[in-house]
Amino acid sequence: MAATTEPTVDANTAGNAEQVAKKKKAKKVVADNTMYQAIEAVMPVVLRSSHAKGRHAVAARDLPAGTLVAVEGPVGAIVRNQSFVSLCHCCFGSVPMKTQTRPKLDKDGKEIAGQAERITVPVSACDKCKMAAYCSDKCRADHAKEHGVQCGALAQCNAIASTHNVSLEDLRAVLALLGRRTVEGGGSSSDVSSGGGGEDDAGKPAAFTATAADAKSVSYRRVLDLNPNRHYIERNAIKNLQAALKDLLALVPEASRVPLSEAVAAACIFSTNNHPLVVNNHHMLGLYPFSALYLHHSCRPNCVFVGEAGGVLCVRTMRDVPANSELTISYVELYQPREQRRRELLLTRHFWCKCRRCSTGLSQSVDRVMDGIQCSECRRGVMIFEETKEVQDINELMTDISALDQEIQGKFAQCETCPAKIEVTSLVDVLKAAITSYGAAHVTMQQGDLRRARLQMEKFISDYEDKNILHPFNSYLVNTYISLARVCAQLEDPDRAIRYTSIVVERMQGADGEAVPENYPRLAEYHMSLGDMCLKQAKKKASNHTPAGRSVTRRYLKEARTSLESAYRARKVIYGEESTRASEAKKLLDSAKHEYDEFVKATEKKKSKKPQPQPAAVPAAAPASAAPAVSAVPAAVAPPPTTSA
Ligand SMILES: C[S@@+](CC[C@H](N)C(=O)[O-])C[C@H]1O[C@@H](n2cnc3c(N)ncnc32)[C@H](O)[C@@H]1O
């Protein structure tokens, strides 16, 4: 179904009798909302269900940006691989570490007599598997029953995942769901396959949690309501999953096992519907049934979700949302070309995106510039190739990539501003060459050769941006600036890091907010780091009392203030006014304001002591050698494209 931000029309308000009759008939088969109706009492949302969209949620009234529309605990959640020992497997809080002395081991894992080593370990962990980490012994005890289901299998997950070529996290997710089902008193598998984990809450509406405290009250039975989108999962992947889960179930206590088909369904449901959260800078994945069922994906979303303590999912509006508009979130990074977003959604979420942004003709959408190649004749417009074919069968996509190449043979792309045409295959060749050199620079960066990576990236920009080959908003260029900023910061060249970050911010904000929303989390982070870097540089440069030095300091302070104002505004909307992230931004902003006021005062004091200088004696801008202009954009940058809403 398509997800749009249009107001939803209620079935009963429609026109003639025939239509009403049709809709009444249709009502028999659309899913009802009774299970989740409780949310309407605590959140400003109305639940709807229609043929076109299935279950979805709309704004109950006009909602200003930053309004909380859902707070939900996970029915099953896992700590992600990279945070495995940093996040508590019970409460998803941070795990304090302690140091311990243990006998030193040789390369075969045998103790070396008389030798010891000091290691850092979580304050509490399962005594048996030694894998599950906890923030306290209390959490370990609270999790004992749930973990008991997983304990024997957890250590084998890695081996099973690599033997059968499946995702380790998918296996751990199934274990977590089985743990939850067992704790809830999950009965025999026939109870489960008829719709739920335990008999105690059969038919009871899903508890909707309005606070983090009772977030854990969502039942396992809600998991099986979710769409596995199995038809979009490659056949081989399903076969591998079946083999892996068969091995895994054999390691689970018998009373907690479910039939293989249910375990496969649970794995598909988890990978299709999970929400990745970052809690205290650590990563987890959770299954949040209400949000997974009611909040569709849109590449121009009006809501954003974030993780809070306890693995609680909070969804807030990220812009003003009129009453009756559908509430949507994004499951993918938005500053990507349309095809890339769609393929990512297909591979990870198992659906072909039909949101309004993806369904709008390319020439009318900001997406035309996301992987835009400039016209080689007029150098003003990008080349447009409108055709995008919906991928109907993921199996075909995986087995016959060459079919895509064949489809573009003999087809032409047209310049958006002049009559020039070019064969799509030539366009693809340009893009492939760009991707190759982009990839090479990034491999160098990953290998840690930062100086060479910087040279390669700067060459990429001079080859593809300065020569007007790629559109300035092309995501490969913007991603290169992002990496360049990071590399320059690591090479302790803050002036350049600032310059590149300000280009990133400028490009992401370009296109009138059509590429990413104003209060987009990643954009907020670039604003924050730009503000932080500018403030630090301004403080460093403050000792330079030459006119040029003062001009640079002033400019950095101004940029710090503007960037931090944006970061603060966005963080309040995304994380809530009272959040630590919002107060962090506010603190830095106050400090930038203070520095700026002090700077202005000191400058004025100086001026009043001296006779007024002739205006011509003060250079208008710092020479490039002293420091780059903070918001300077390379000369070759074309004017931002005009966008259609
Ligand atoms: C939010 S649930 C929808 C549940 C559905 N409303 C129901 O009543 O069963 C998420 C699923 O909706 C579909 N979906 C969400 N956003 C979509 C989009 N932008 N384009 C196409 N399908 C989408 C996908 O199948 C996805 O797995």
# chains A, B, ... in the order shown; residues from 1 in each chain; ligands from 1
call {"tool": "residues_near_ligand", "arguments": {"ligand": "ligand 1", "cutoff": "7 Å", "atoms": "only C-alpha atoms and all ligand atoms", "output": "list of chain:residue names"}}
result
A:Met1, A:Ala2, A:Ala3, A:Ala31, A:Ser49, A:Lys53, A:Gly54, A:Arg55, A:His56, A:Leu226, A:Asn227, A:Asn229, A:Thr272, A:Asn273, A:Ser291, A:Ala292, A:Leu293, A:Tyr294, A:Leu295, A:His296, A:His297, A:Ser298, A:Arg349, A:His350, A:Phe351, A:Trp352, A:Cys353, A:Lys354, A:Cys355
call {"tool": "residues_around", "arguments": {"residues": "segment 577-588 of chain A", "least_positions_apart": "3", "cutoff": "8 Å", "atoms": "only C-alpha atoms", "output": "number ranges by chain"}}
result
A: 528, 532, 564, 567-568, 571-573, 591-592
call {"tool": "write_last_selection", "arguments": {"atoms": "N, CA and C atoms", "output": "PDB file, in the first residue's frame"}}
result
ATOM      1  N   MET A 528      25.317  20.435  15.180  1.00  0.00           N
ATOM      2  CA  MET A 528      25.921  20.394  16.516  1.00  0.00           C
ATOM      3  C   MET A 528      27.445  20.338  16.388  1.00  0.00           C
ATOM      4  N   ASP A 532      30.109  23.194  17.514  1.00  0.00           N
ATOM      5  CA  ASP A 532      31.143  22.846  18.480  1.00  0.00           C
ATOM      6  C   ASP A 532      32.541  23.180  17.928  1.00  0.00           C
ATOM      7  N   LEU A 564      24.449  26.193  16.347  1.00  0.00           N
ATOM      8  CA  LEU A 564      23.956  25.641  17.611  1.00  0.00           C
ATOM      9  C   LEU A 564      22.483  25.977  17.843  1.00  0.00           C
ATOM     10  N   ALA A 567      20.821  23.327  15.928  1.00  0.00           N
ATOM     11  CA  ALA A 567      20.950  22.033  16.614  1.00  0.00           C
ATOM     12  C   ALA A 567      19.991  21.972  17.802  1.00  0.00           C
ATOM     13  N   TYR A 568      19.922  23.058  18.549  1.00  0.00           N
ATOM     14  CA  TYR A 568      19.067  23.082  19.739  1.00  0.00           C
ATOM     15  C   TYR A 568      17.592  22.955  19.344  1.00  0.00           C
ATOM     16  N   ARG A 571      16.979  19.376  18.126  1.00  0.00           N
ATOM     17  CA  ARG A 571      17.047  18.365  19.196  1.00  0.00           C
ATOM     18  C   ARG A 571      15.830  18.432  20.110  1.00  0.00           C
ATOM     19  N   LYS A 572      15.304  19.662  20.329  1.00  0.00           N
ATOM     20  CA  LYS A 572      14.097  19.778  21.162  1.00  0.00           C
ATOM     21  C   LYS A 572      12.935  19.036  20.501  1.00  0.00           C
ATOM     22  N   VAL A 573      12.859  19.201  19.175  1.00  0.00           N
ATOM     23  CA  VAL A 573      11.772  18.550  18.439  1.00  0.00           C
ATOM     24  C   VAL A 573      11.950  17.031  18.422  1.00  0.00           C
ATOM     25  N   SER A 591      27.013  29.078  25.654  1.00  0.00           N
ATOM     26  CA  SER A 591      28.440  29.401  25.706  1.00  0.00           C
ATOM     27  C   SER A 591      28.860  30.178  24.446  1.00  0.00           C
ATOM     28  N   ALA A 592      28.317  29.785  23.273  1.00  0.00           N
ATOM     29  CA  ALA A 592      28.650  30.503  22.032  1.00  0.00           C
ATOM     30  C   ALA A 592      28.130  31.929  22.093  1.00  0.00           C
TER      31      ALA A 592
END
call {"tool": "atom_distance", "arguments": {"atom1": "atom CA of Asp142 of chain A", "atom2": "atom CA of Val174 of chain A"}}
result
19.8 Å
call {"tool": "atom_distance", "arguments": {"atom1": "atom CA of Ser566 of chain A", "atom2": "atom CA of Asn479 of chain A"}}
result
20.9 Å
call {"tool": "residues_around", "arguments": {"residues": "segment 112-114 of chain A", "least_positions_apart": "5", "cutoff": "12 Å", "atoms": "only C-alpha atoms", "output": "number ranges by chain"}}
result
A: 102-107
call {"tool": "select_by_dssp", "arguments": {"residues": "segment 215-246 of chain A", "states": "helix (DSSP H, G or I)", "output": "list in words"}}
result
Ala215, Lys216, Ser217, Tyr220, Arg221, Arg222, Val223, Leu224, Asp225, Arg230, His231, Tyr232, Arg235, Asn236, Ala237, Ile238, Lys239, Asn240, Leu241, Gln242, Ala243, Ala244, Leu245 and Lys246 of chain A
call {"tool": "atom_distance", "arguments": {"atom1": "atom CA of Cys126 of chain A", "atom2": "atom CA of Leu260 of chain A"}}
result
27.3 Å
call {"tool": "closest_residue", "arguments": {"among": "A:Ser261, A:Gln490, A:Ser256, A:Gln340", "to": "Val149 of chain A", "atoms": "only C-alpha atoms"}}
result
A:Ser256
